[in-house]
>>> print(open('upload-v1.txt').read())   # compact mmCIF, C-alpha atoms and all ligand atoms
# COMPACT_ATOMS: atom_id res chain seq x y z
CA MET A 5 3.15 5.90 17.64
CA ARG A 6 0.66 4.32 20.04
CA LEU A 7 -0.38 0.81 20.98
CA GLN A 8 -4.15 0.47 21.28
CA ASP A 9 -6.82 -2.19 21.24
CA LEU A 10 -9.07 -1.01 18.43
CA LYS A 11 -12.59 -2.22 17.79
CA ILE A 12 -13.45 -3.55 14.35
CA LEU A 13 -16.41 -1.57 13.04
CA ARG A 14 -16.99 -3.04 9.63
CA ILE A 15 -15.74 -5.74 7.30
CA GLN A 16 -16.77 -5.84 3.66
CA VAL A 17 -15.86 -8.69 1.38
CA LEU A 18 -14.56 -7.50 -1.99
CA ALA A 19 -13.57 -9.57 -5.01
CA GLY A 20 -10.70 -12.02 -5.32
CA GLU A 21 -9.75 -12.62 -1.69
CA HIS A 22 -9.70 -8.92 -0.90
CA PHE A 23 -11.63 -7.32 1.90
CA TRP A 24 -12.11 -3.86 3.36
CA ILE A 25 -11.90 -3.50 7.11
CA GLU A 26 -12.65 -0.45 9.25
CA MET A 27 -11.58 0.08 12.83
CA GLU A 28 -12.07 2.85 15.29
CA ASN A 29 -9.20 5.35 15.27
CA ARG A 30 -7.67 6.02 18.64
CA LEU A 31 -4.10 6.07 17.34
CA SER A 32 -3.60 9.58 16.11
CA SER A 33 -5.59 12.47 14.71
CA GLU A 34 -3.08 12.70 11.91
CA VAL A 35 -1.96 9.68 9.92
CA LEU A 36 0.36 10.57 7.05
CA PRO A 37 -0.42 9.02 3.66
CA GLY A 38 1.99 6.11 3.19
CA GLN A 39 2.10 5.20 6.87
CA PHE A 40 1.01 1.81 8.12
CA VAL A 41 -0.07 0.00 11.26
CA HIS A 42 1.21 -3.27 12.72
CA ILE A 43 -1.61 -5.56 13.80
CA LYS A 44 -1.54 -8.48 16.20
CA ILE A 45 -4.00 -10.78 14.49
CA SER A 46 -3.92 -13.82 16.75
CA PRO A 47 -2.17 -14.96 19.94
CA PHE A 48 -1.04 -17.97 17.89
CA LEU A 49 0.86 -15.79 15.42
CA PHE A 50 4.02 -14.45 17.01
CA LEU A 51 4.57 -11.60 14.56
CA ARG A 52 2.27 -8.69 13.89
CA ARG A 53 1.29 -7.99 10.28
CA PRO A 54 1.69 -4.58 8.57
CA PHE A 55 -1.09 -2.84 6.59
CA SER A 56 -1.18 0.59 4.98
CA VAL A 57 -3.79 3.01 6.24
CA ALA A 58 -6.06 3.50 3.23
CA SER A 59 -8.55 5.93 4.73
CA VAL A 60 -8.99 8.08 7.80
CA SER A 61 -12.44 9.54 8.32
CA GLN A 62 -15.00 10.14 11.03
CA GLY A 63 -12.93 8.42 13.68
CA ARG A 64 -12.36 5.37 11.49
CA LEU A 65 -9.31 3.84 9.89
CA GLY A 66 -9.88 1.89 6.68
CA PHE A 67 -7.70 -0.87 5.22
CA LEU A 68 -7.76 -2.76 1.93
CA ILE A 69 -6.45 -6.25 2.55
CA ARG A 70 -5.65 -9.23 0.35
CA CYS A 71 -5.60 -12.70 1.86
CA ALA A 72 -1.97 -13.63 1.30
CA GLY A 73 -1.51 -16.31 3.93
CA THR A 74 -2.29 -17.43 7.44
CA GLY A 75 -2.46 -14.03 9.15
CA THR A 76 -4.60 -12.27 6.60
CA ALA A 77 -6.89 -15.32 6.37
CA LEU A 78 -7.40 -15.17 10.14
CA LEU A 79 -8.02 -11.43 9.90
CA SER A 80 -10.71 -12.02 7.29
CA GLU A 81 -12.55 -14.21 9.80
CA LYS A 82 -12.87 -11.46 12.41
CA ILE A 83 -16.23 -9.87 13.06
CA PRO A 84 -17.29 -6.34 13.98
CA GLY A 85 -17.07 -5.71 17.71
CA GLN A 86 -13.88 -7.74 18.15
CA ARG A 87 -10.77 -5.84 19.15
CA LEU A 88 -7.28 -6.00 17.70
CA SER A 89 -4.01 -4.79 19.18
CA VAL A 90 -2.79 -2.14 16.73
CA LEU A 91 0.58 -0.37 16.79
CA GLY A 92 0.93 2.80 14.77
CA PRO A 93 0.99 4.91 12.81
CA LEU A 94 4.40 3.69 11.67
CA GLY A 95 6.89 4.57 8.96
CA THR A 96 7.46 7.58 6.79
CA GLY A 97 4.73 9.05 4.66
CA PHE A 98 4.83 10.25 1.06
CA PRO A 99 6.38 13.74 0.99
CA VAL A 100 4.14 16.52 -0.31
CA ARG A 101 5.54 19.91 -1.39
CA LYS A 102 3.65 23.08 -2.20
CA ARG A 103 5.76 23.66 -5.32
CA TRP A 104 4.75 20.27 -6.79
CA LYS A 105 1.68 21.04 -8.91
CA LYS A 106 1.56 18.14 -11.38
CA LEU A 107 1.26 14.88 -9.50
CA TRP A 108 1.09 11.35 -10.86
CA LEU A 109 -0.01 8.54 -8.56
CA VAL A 110 0.64 5.03 -9.87
CA ALA A 111 -1.05 2.12 -8.10
CA GLY A 112 -0.73 -1.58 -8.85
CA GLY A 113 -3.05 -4.18 -7.29
CA THR A 114 -3.40 -4.06 -3.51
CA GLY A 115 -0.71 -1.35 -3.53
CA VAL A 116 -3.53 1.08 -4.21
CA ALA A 117 -4.18 0.98 -0.44
CA SER A 118 -1.33 3.33 0.46
CA LEU A 119 -2.19 5.78 -2.34
CA LEU A 120 -5.87 6.18 -1.46
CA LEU A 121 -5.12 8.30 1.58
CA LEU A 122 -2.60 10.36 -0.39
CA LEU A 123 -5.19 10.94 -3.11
CA SER A 124 -7.73 12.14 -0.53
CA LEU A 125 -5.21 14.54 0.98
CA LEU A 126 -4.00 15.96 -2.35
CA GLN A 127 -7.57 16.54 -3.43
CA LYS A 128 -7.99 18.99 -0.59
CA LEU A 129 -4.94 21.05 -1.61
CA LYS A 130 -5.23 23.91 -4.07
CA GLU A 131 -3.77 24.09 -7.59
CA LYS A 132 -2.89 20.42 -7.89
CA GLU A 133 -3.23 18.63 -11.20
CA ILE A 134 -3.53 14.95 -10.39
CA VAL A 135 -3.40 11.89 -12.65
CA PHE A 136 -4.25 8.62 -10.92
CA PHE A 137 -3.01 5.52 -12.77
CA TYR A 138 -4.49 2.32 -11.37
CA GLY A 139 -3.83 -1.17 -12.70
CA ALA A 140 -5.03 -4.60 -11.64
CA VAL A 141 -5.04 -8.12 -13.01
CA SER A 142 -8.69 -8.02 -14.04
CA LYS A 143 -11.81 -5.84 -13.95
CA SER A 144 -13.17 -7.35 -10.71
CA LEU A 145 -9.90 -6.48 -8.94
CA LEU A 146 -10.02 -2.81 -9.89
CA PHE A 147 -11.64 -1.39 -6.79
CA ARG A 148 -12.88 1.83 -8.41
CA GLN A 149 -15.47 2.24 -5.66
CA LEU A 150 -12.66 2.96 -3.17
CA LEU A 151 -11.41 6.01 -5.07
CA PRO A 152 -12.52 9.32 -3.57
CA PRO A 153 -14.74 11.42 -5.83
CA GLY A 154 -13.12 14.53 -7.26
CA ASN A 155 -11.65 16.39 -10.12
CA TYR A 156 -8.68 14.29 -11.20
CA LEU A 157 -7.86 12.20 -14.23
CA ARG A 158 -8.21 8.45 -13.73
CA ILE A 159 -6.41 6.01 -16.02
CA PHE A 160 -7.22 2.34 -15.54
CA THR A 161 -5.42 -0.72 -16.85
CA THR A 162 -5.97 -4.45 -16.51
CA ASP A 163 -3.55 -7.22 -17.40
CA ASP A 164 -6.29 -9.12 -19.25
CA GLY A 165 -7.87 -6.08 -20.90
CA THR A 166 -11.29 -6.55 -19.24
CA SER A 167 -11.38 -2.91 -18.13
CA GLY A 168 -9.42 0.20 -19.08
CA GLN A 169 -6.33 -0.17 -21.21
CA ALA A 170 -4.87 -3.66 -21.61
CA GLY A 171 -1.44 -4.27 -20.11
CA SER A 172 0.67 -3.04 -17.27
CA VAL A 173 -0.11 0.20 -15.45
CA THR A 174 3.40 1.42 -16.22
CA GLU A 175 2.55 1.58 -19.96
CA PRO A 176 0.32 4.69 -19.90
CA VAL A 177 2.93 6.30 -17.64
CA ARG A 178 5.64 5.51 -20.17
CA LYS A 179 3.49 6.76 -23.09
CA ARG A 180 2.91 10.12 -21.43
CA LEU A 181 6.60 10.51 -20.64
CA ILE A 182 7.52 9.66 -24.24
CA THR A 183 5.21 12.39 -25.53
CA GLY A 184 7.00 14.93 -23.34
CA GLU A 185 4.52 15.14 -20.47
CA LYS A 186 6.17 15.12 -17.08
CA PRO A 187 4.92 15.38 -13.52
CA ASP A 188 6.62 17.40 -10.78
CA VAL A 189 6.47 14.23 -8.71
CA LEU A 190 5.44 10.62 -9.19
CA TYR A 191 4.24 8.42 -6.33
CA GLY A 192 4.08 4.63 -6.71
CA SER A 193 2.85 1.66 -4.73
CA GLY A 194 2.43 -1.90 -5.92
CA PRO A 195 4.34 -5.07 -6.77
CA LEU A 196 8.14 -4.90 -6.81
CA ALA A 197 8.36 -5.45 -10.59
CA MET A 198 6.09 -2.46 -11.16
CA LEU A 199 8.06 -0.30 -8.73
CA LYS A 200 11.32 -1.28 -10.41
CA GLU A 201 9.87 -0.26 -13.78
CA LEU A 202 8.72 3.08 -12.33
CA SER A 203 12.20 3.63 -10.88
CA LEU A 204 13.74 3.12 -14.32
CA LEU A 205 11.23 5.49 -15.92
CA CYS A 206 11.91 8.14 -13.27
CA LYS A 207 15.63 7.82 -13.96
CA GLN A 208 15.24 7.84 -17.75
CA TYR A 209 12.97 10.89 -17.81
CA ASP A 210 14.46 12.70 -14.82
CA VAL A 211 11.29 12.57 -12.72
CA THR A 212 11.25 12.96 -8.94
CA GLY A 213 9.67 9.77 -7.63
CA TYR A 214 8.71 8.25 -4.31
CA LEU A 215 7.89 4.57 -4.04
CA SER A 216 6.38 2.59 -1.19
CA LEU A 217 8.29 -0.66 -0.68
CA GLU A 218 7.12 -3.83 1.00
CA ALA A 219 9.28 -6.24 2.93
CA ARG A 220 8.55 -8.90 5.49
CA LEU A 221 8.44 -7.10 8.81
CA ALA A 222 9.12 -8.48 12.27
CA CYS A 223 9.29 -5.81 15.00
CA GLY A 224 8.03 -3.00 12.77
CA THR A 225 9.79 -0.42 14.93
CA GLY A 226 13.39 -0.42 13.71
CA ILE A 227 14.95 -2.75 16.27
CA CYS A 228 15.38 -6.15 14.62
CA LEU A 229 16.83 -5.05 11.24
CA GLY A 230 14.76 -7.79 9.61
CA CYS A 231 13.32 -5.56 6.90
CA VAL A 232 16.34 -3.86 5.37
CA VAL A 233 16.64 -2.85 1.71
CA PRO A 234 19.64 -1.33 -0.13
CA ILE A 235 19.21 2.43 -0.45
CA GLY A 236 21.56 5.14 -1.69
CA ASP A 237 23.80 5.91 -4.64
CA ALA A 238 25.47 3.14 -6.63
CA ASN A 239 28.80 3.81 -4.88
CA ASN A 240 27.47 4.88 -1.55
CA TRP A 241 24.54 2.82 -0.37
CA SER A 242 23.50 1.25 2.91
CA TYR A 243 20.78 -1.00 4.21
CA GLN A 244 17.80 0.95 5.47
CA ARG A 245 14.76 -0.29 7.32
CA VAL A 246 11.47 -0.46 5.45
CA CYS A 247 9.54 -0.16 8.71
CA CYS A 248 10.97 3.14 9.94
CA ASP A 249 13.33 4.63 7.32
CA GLY A 250 10.59 3.75 4.79
CA PRO A 251 8.35 2.28 3.53
CA VAL A 252 8.49 5.30 1.19
CA PHE A 253 11.89 5.81 -0.46
CA PRO A 254 13.10 8.11 -3.27
CA ALA A 255 12.82 6.17 -6.55
CA GLY A 256 16.37 6.96 -7.60
CA GLN A 257 17.83 5.69 -4.35
CA ILE A 258 16.60 2.10 -4.48
CA GLN A 259 19.46 -0.19 -5.51
CA TRP A 260 17.39 -2.77 -7.34
CA GLU A 261 20.32 -4.96 -8.44
CA ARG A 262 21.21 -5.48 -4.77
CA PHE A 263 17.60 -6.10 -3.81
CA LEU A 264 16.69 -9.57 -2.64
CA PRO A 265 12.91 -9.99 -2.78
CA VAL A 266 11.51 -12.46 -0.29
CA GLU A 267 9.87 -15.40 -1.99
CA GLY A 268 7.72 -17.75 0.01
CA LYS A 269 5.01 -20.31 -0.22
CA SER A 270 1.55 -18.92 0.29
CA VAL A 271 -0.54 -20.74 2.88
CA LYS A 272 -3.94 -19.67 1.74
CA ARG A 273 -7.01 -20.70 3.65
CA CYS A 274 -9.09 -17.64 3.03
CA SER A 275 -12.76 -18.18 3.74
CA LEU A 276 -13.97 -14.92 2.26
CA HIS A 277 -16.12 -16.46 -0.43
CA SER A 278 -18.24 -18.37 2.03
CA ARG A 279 -18.69 -15.25 4.11
CA HIS A 280 -21.65 -12.95 4.41
CA HIS A 281 -21.14 -10.03 2.02
CA GLU A 282 -20.93 -7.27 4.57
CA THR A 283 -21.03 -7.01 8.32
CA GLU A 284 -21.27 -3.85 10.32
CA LYS A 285 -21.79 -2.99 13.94
CA GLN A 286 -21.34 0.37 15.59
C1 LIG A 301 4.55 -1.35 4.96
C2 LIG A 301 3.64 -2.46 4.46
C3 LIG A 301 2.34 -2.15 4.14
C4 LIG A 301 1.48 -3.16 3.68
N1 LIG A 301 0.19 -2.82 3.37
C5 LIG A 301 -0.65 -3.78 2.96
C6 LIG A 301 -2.02 -3.45 2.68
O1 LIG A 301 -2.46 -2.30 2.79
N2 LIG A 301 -2.84 -4.46 2.28
C7 LIG A 301 -2.38 -5.75 2.14
O2 LIG A 301 -3.18 -6.63 1.78
N3 LIG A 301 -1.10 -6.08 2.39
C8 LIG A 301 -0.23 -5.14 2.81
N4 LIG A 301 1.07 -5.47 3.09
C9 LIG A 301 1.49 -6.87 2.94
C10 LIG A 301 0.95 -7.66 4.14
O3 LIG A 301 1.57 -7.19 5.30
C11 LIG A 301 1.26 -9.15 3.95
O4 LIG A 301 0.52 -9.65 2.85
C12 LIG A 301 0.86 -9.91 5.20
O5 LIG A 301 1.72 -9.57 6.26
C13 LIG A 301 0.94 -11.38 4.94
O6 LIG A 301 0.65 -12.03 6.17
P1 LIG A 301 0.05 -13.49 6.17
O7 LIG A 301 0.22 -14.04 7.54
O8 LIG A 301 -1.32 -13.51 5.60
O9 LIG A 301 0.97 -14.24 5.13
P2 LIG A 301 2.17 -15.22 5.46
O10 LIG A 301 1.58 -16.56 5.75
O11 LIG A 301 3.09 -14.61 6.45
O12 LIG A 301 2.85 -15.21 4.02
C14 LIG A 301 2.09 -15.54 2.86
C15 LIG A 301 2.84 -15.14 1.62
O13 LIG A 301 2.93 -13.70 1.53
C16 LIG A 301 4.29 -13.31 1.46
N5 LIG A 301 4.44 -12.11 2.27
C17 LIG A 301 4.23 -11.99 3.59
N6 LIG A 301 4.45 -10.74 4.01
C18 LIG A 301 4.83 -10.04 2.92
C19 LIG A 301 5.21 -8.71 2.69
N7 LIG A 301 5.30 -7.81 3.67
N8 LIG A 301 5.54 -8.34 1.43
C20 LIG A 301 5.49 -9.21 0.45
N9 LIG A 301 5.14 -10.50 0.59
C21 LIG A 301 4.82 -10.91 1.81
C22 LIG A 301 5.06 -14.46 2.02
O14 LIG A 301 6.39 -14.50 1.51
C23 LIG A 301 4.27 -15.64 1.56
O15 LIG A 301 4.53 -15.96 0.21
C24 LIG A 301 1.95 -4.49 3.54
C25 LIG A 301 3.27 -4.79 3.86
C26 LIG A 301 4.11 -3.79 4.30
C27 LIG A 301 5.53 -4.11 4.64
S1 LIG A 302 10.87 -4.95 11.08
FE1 LIG A 302 12.33 -4.85 12.67
S2 LIG A 302 13.67 -3.30 11.96
FE2 LIG A 302 12.08 -3.27 10.51
>>> encode(input="upload-v1.txt", output="structure tokens")
Amino acid sequence: MRLQDLKILRIQVLAGEHFWIEMENRLSSEVLPGQFVHIKISPFLFLRRPFSVASVSQGRLGFLIRCAGTGTALLSEKIPGQRLSVLGPLGTGFPVRKRWKKLWLVAGGTGVASLLLLLSLLQKLKEKEIVFFYGAVSKSLLFRQLLPPGNYLRIFTTDDGTSGQAGSVTEPVRKRLITGEKPDVLYGSGPLAMLKELSLLCKQYDVTGYLSLEARLACGTGICLGCVVPIGDANNWSYQRVCCDGPVFPAGQIQWERFLPVEGKSVKRCSLHSRHHETEKQ
């Protein structure tokens, strides 16, 4: 883990209050898929904000970000050349084992960010049979252009049926499991409801699963205990920290009935739509 002021190299506006941001990488030569960084966006925001590393290439870190509130709106207003204080890489990554040959990656919405890097890594490994399930609300929010090229099966879904199969991304997963297909491991990242559904499917069909959880983070380094979630067996569980024990946890260990999702009021003031489509500066 390092703390560095990193230069923004590129910001590209995507659809629906999403944007892609690239920064120079002086954190680490190796970022594990599933890890994240904690970014100080403004001196007026006390807490840093966490974002999954979506790509690592040619000395650049890439992030897919959705304007969710004040911090992300301010981040969307940055321009190439500006520097941000970045702490990372943080957290556990998705485990990868040589013996796992059949791999299913299930991404929902902005959660695709943490699976993009995993997909790139798995592509480079031999004898892997990968199915990438990716669901979004609507066609414009399926960021197909971010997927690395390669020889893997892609299954798309949209809630409104404008692209791919209509309905939730967990449905094609369920259908395959019902017909007797089964991966050696399933990786998931997305909204809590989707992750809960994947957890249940993993349990029902005895699938090894790893899910990336989100929680509101404060310190991001394991000190404040502000990000805990209930993890363990039904009779033997404890609170673990999303920021350093996670964000990736075994699907069967997440005690959903004891889980208290944080609800809050979004303070959106995202100015992406009035912004120039793409800005880049080396
Ligand atoms: C490990 C991790 C990785 C993440 N990776 C990404 C990513 O790659 N791309 C991305 O767009 N977002 C990601 N997030 C979520 C992102 O950190 C939050 O959307 C962001 O911090 C919101 O900051 P804000 O100031 O814009 O919103 P705020 O003004 O602080 O809050 C706006 C709304 O968002 C909700 N919110 C804030 N933080 C979170 C959170 N962590 N989880 C769920 N809801 C939250 C609030 O309850 C509120 O309703 C990640 C979160 C974690 C914990
Ligand atoms: S955010 Fe402080 S312990 Fe996780």
>>> residues_near_point(input="upload-v1.txt", point="(1.5, 20.5, -11.5)", cutoff="9 Å", atoms="only C-alpha atoms", output="PyMOL selection string")
chain A and resi 103-107+131-134+187-189
>>> write_last_selection(input="upload-v1.txt", atoms="C-alpha atoms", output="CSV table (one decimal), in the coordinates of the input")
chain,number,residue,atom,x,y,z
A,103,ARG,CA,5.8,23.7,-5.3
A,104,TRP,CA,4.8,20.3,-6.8
A,105,LYS,CA,1.7,21.0,-8.9
A,106,LYS,CA,1.6,18.1,-11.4
A,107,LEU,CA,1.3,14.9,-9.5
A,131,GLU,CA,-3.8,24.1,-7.6
A,132,LYS,CA,-2.9,20.4,-7.9
A,133,GLU,CA,-3.2,18.6,-11.2
A,134,ILE,CA,-3.5,15.0,-10.4
A,187,PRO,CA,4.9,15.4,-13.5
A,188,ASP,CA,6.6,17.4,-10.8
A,189,VAL,CA,6.5,14.2,-8.7
>>> closest_residue(input="upload-v1.txt", among="A:Pro54, A:Gly226, A:Gly171, A:Gly73", to="Leu91 in chain A", atoms="all atoms listed in the file")
A:Pro54
>>> residues_around(input="upload-v1.txt", residues="range 61-65 of chain A", least_positions_apart="2", cutoff="8 Å", atoms="only C-alpha atoms", output="list of chain:residue names")
A:Glu26, A:Met27, A:Glu28, A:Asn29, A:Arg30, A:Val57, A:Ala58, A:Ser59, A:Phe67
>>> residues_near_ligand(input="upload-v1.txt", ligand="ligand LIG 302 (chain A)", cutoff="6 Å", atoms="only C-alpha atoms and all ligand atoms", output="NGL selection string")
:A and (221-231 or 245-247)
>>> closest_atom_pairs(input="upload-v1.txt", of="chain A", to="ligand LIG 301 (chain A)", cutoff="9 Å", atoms="only C-alpha atoms and all ligand atoms", output="tab-separated table")
residue	atom	partner	partner_atom	distance
A:His22	CA	A:LIG301	O2	7.4
A:Phe23	CA	A:LIG301	O2	8.5
A:Gly38	CA	A:LIG301	C1	8.1
A:Gln39	CA	A:LIG301	C1	7.2
A:Phe40	CA	A:LIG301	C1	5.7
A:Val41	CA	A:LIG301	C3	7.8
A:His42	CA	A:LIG301	O3	8.4
A:Ile45	CA	A:LIG301	O7	8.8
A:Leu49	CA	A:LIG301	O7	8.1
A:Leu51	CA	A:LIG301	O7	8.6
A:Arg52	CA	A:LIG301	O5	7.7
A:Arg53	CA	A:LIG301	O5	4.3
A:Pro54	CA	A:LIG301	O3	4.2
A:Phe55	CA	A:LIG301	N1	3.5
A:Ser56	CA	A:LIG301	O1	3.8
A:Val57	CA	A:LIG301	O1	6.5
A:Ala58	CA	A:LIG301	O1	6.8
A:Phe67	CA	A:LIG301	O1	6.0
A:Leu68	CA	A:LIG301	N2	5.2
A:Ile69	CA	A:LIG301	O2	3.4
A:Arg70	CA	A:LIG301	O2	3.9
A:Cys71	CA	A:LIG301	O8	5.7
A:Ala72	CA	A:LIG301	O8	4.4
A:Gly73	CA	A:LIG301	O8	3.3
A:Thr74	CA	A:LIG301	O7	4.2
A:Gly75	CA	A:LIG301	O7	3.1
A:Thr76	CA	A:LIG301	O8	3.6
A:Ala77	CA	A:LIG301	O8	5.9
A:Leu78	CA	A:LIG301	O8	7.8
A:Leu79	CA	A:LIG301	O8	8.2
A:Leu94	CA	A:LIG301	C1	8.4
A:Gly95	CA	A:LIG301	C1	7.5
A:Thr114	CA	A:LIG301	N2	5.8
A:Gly115	CA	A:LIG301	O1	6.6
A:Val116	CA	A:LIG301	O1	7.8
A:Ala117	CA	A:LIG301	O1	4.9
A:Ser118	CA	A:LIG301	O1	6.2
A:Pro195	CA	A:LIG301	C20	8.4
A:Leu196	CA	A:LIG301	C20	8.8
A:Ser216	CA	A:LIG301	C1	7.5
A:Leu217	CA	A:LIG301	C1	6.8
A:Glu218	CA	A:LIG301	C27	4.0
A:Ala219	CA	A:LIG301	N7	4.3
A:Arg220	CA	A:LIG301	N7	3.9
A:Leu221	CA	A:LIG301	C27	5.9
A:Gly224	CA	A:LIG301	C27	8.6
A:Cys231	CA	A:LIG301	C27	8.2
A:Val246	CA	A:LIG301	C1	7.0
A:Cys247	CA	A:LIG301	C1	6.4
A:Gly250	CA	A:LIG301	C1	7.9
A:Pro251	CA	A:LIG301	C1	5.4
A:Val252	CA	A:LIG301	C1	8.6
A:Pro265	CA	A:LIG301	C20	8.1
A:Val266	CA	A:LIG301	O14	5.8
A:Glu267	CA	A:LIG301	O14	5.0
A:Gly268	CA	A:LIG301	O15	3.7
A:Lys269	CA	A:LIG301	O15	4.4
A:Ser270	CA	A:LIG301	O15	4.2
A:Val271	CA	A:LIG301	O10	5.5
A:Lys272	CA	A:LIG301	C14	7.4
>>> atom_distance(input="upload-v1.txt", atom1="CA of Gln208 in chain A", atom2="CA of Arg178 in chain A")
10.2 Å
>>> atom_distance(input="upload-v1.txt", atom1="CA of Gly168 in chain A", atom2="CA of Gly112 in chain A")
13.5 Å
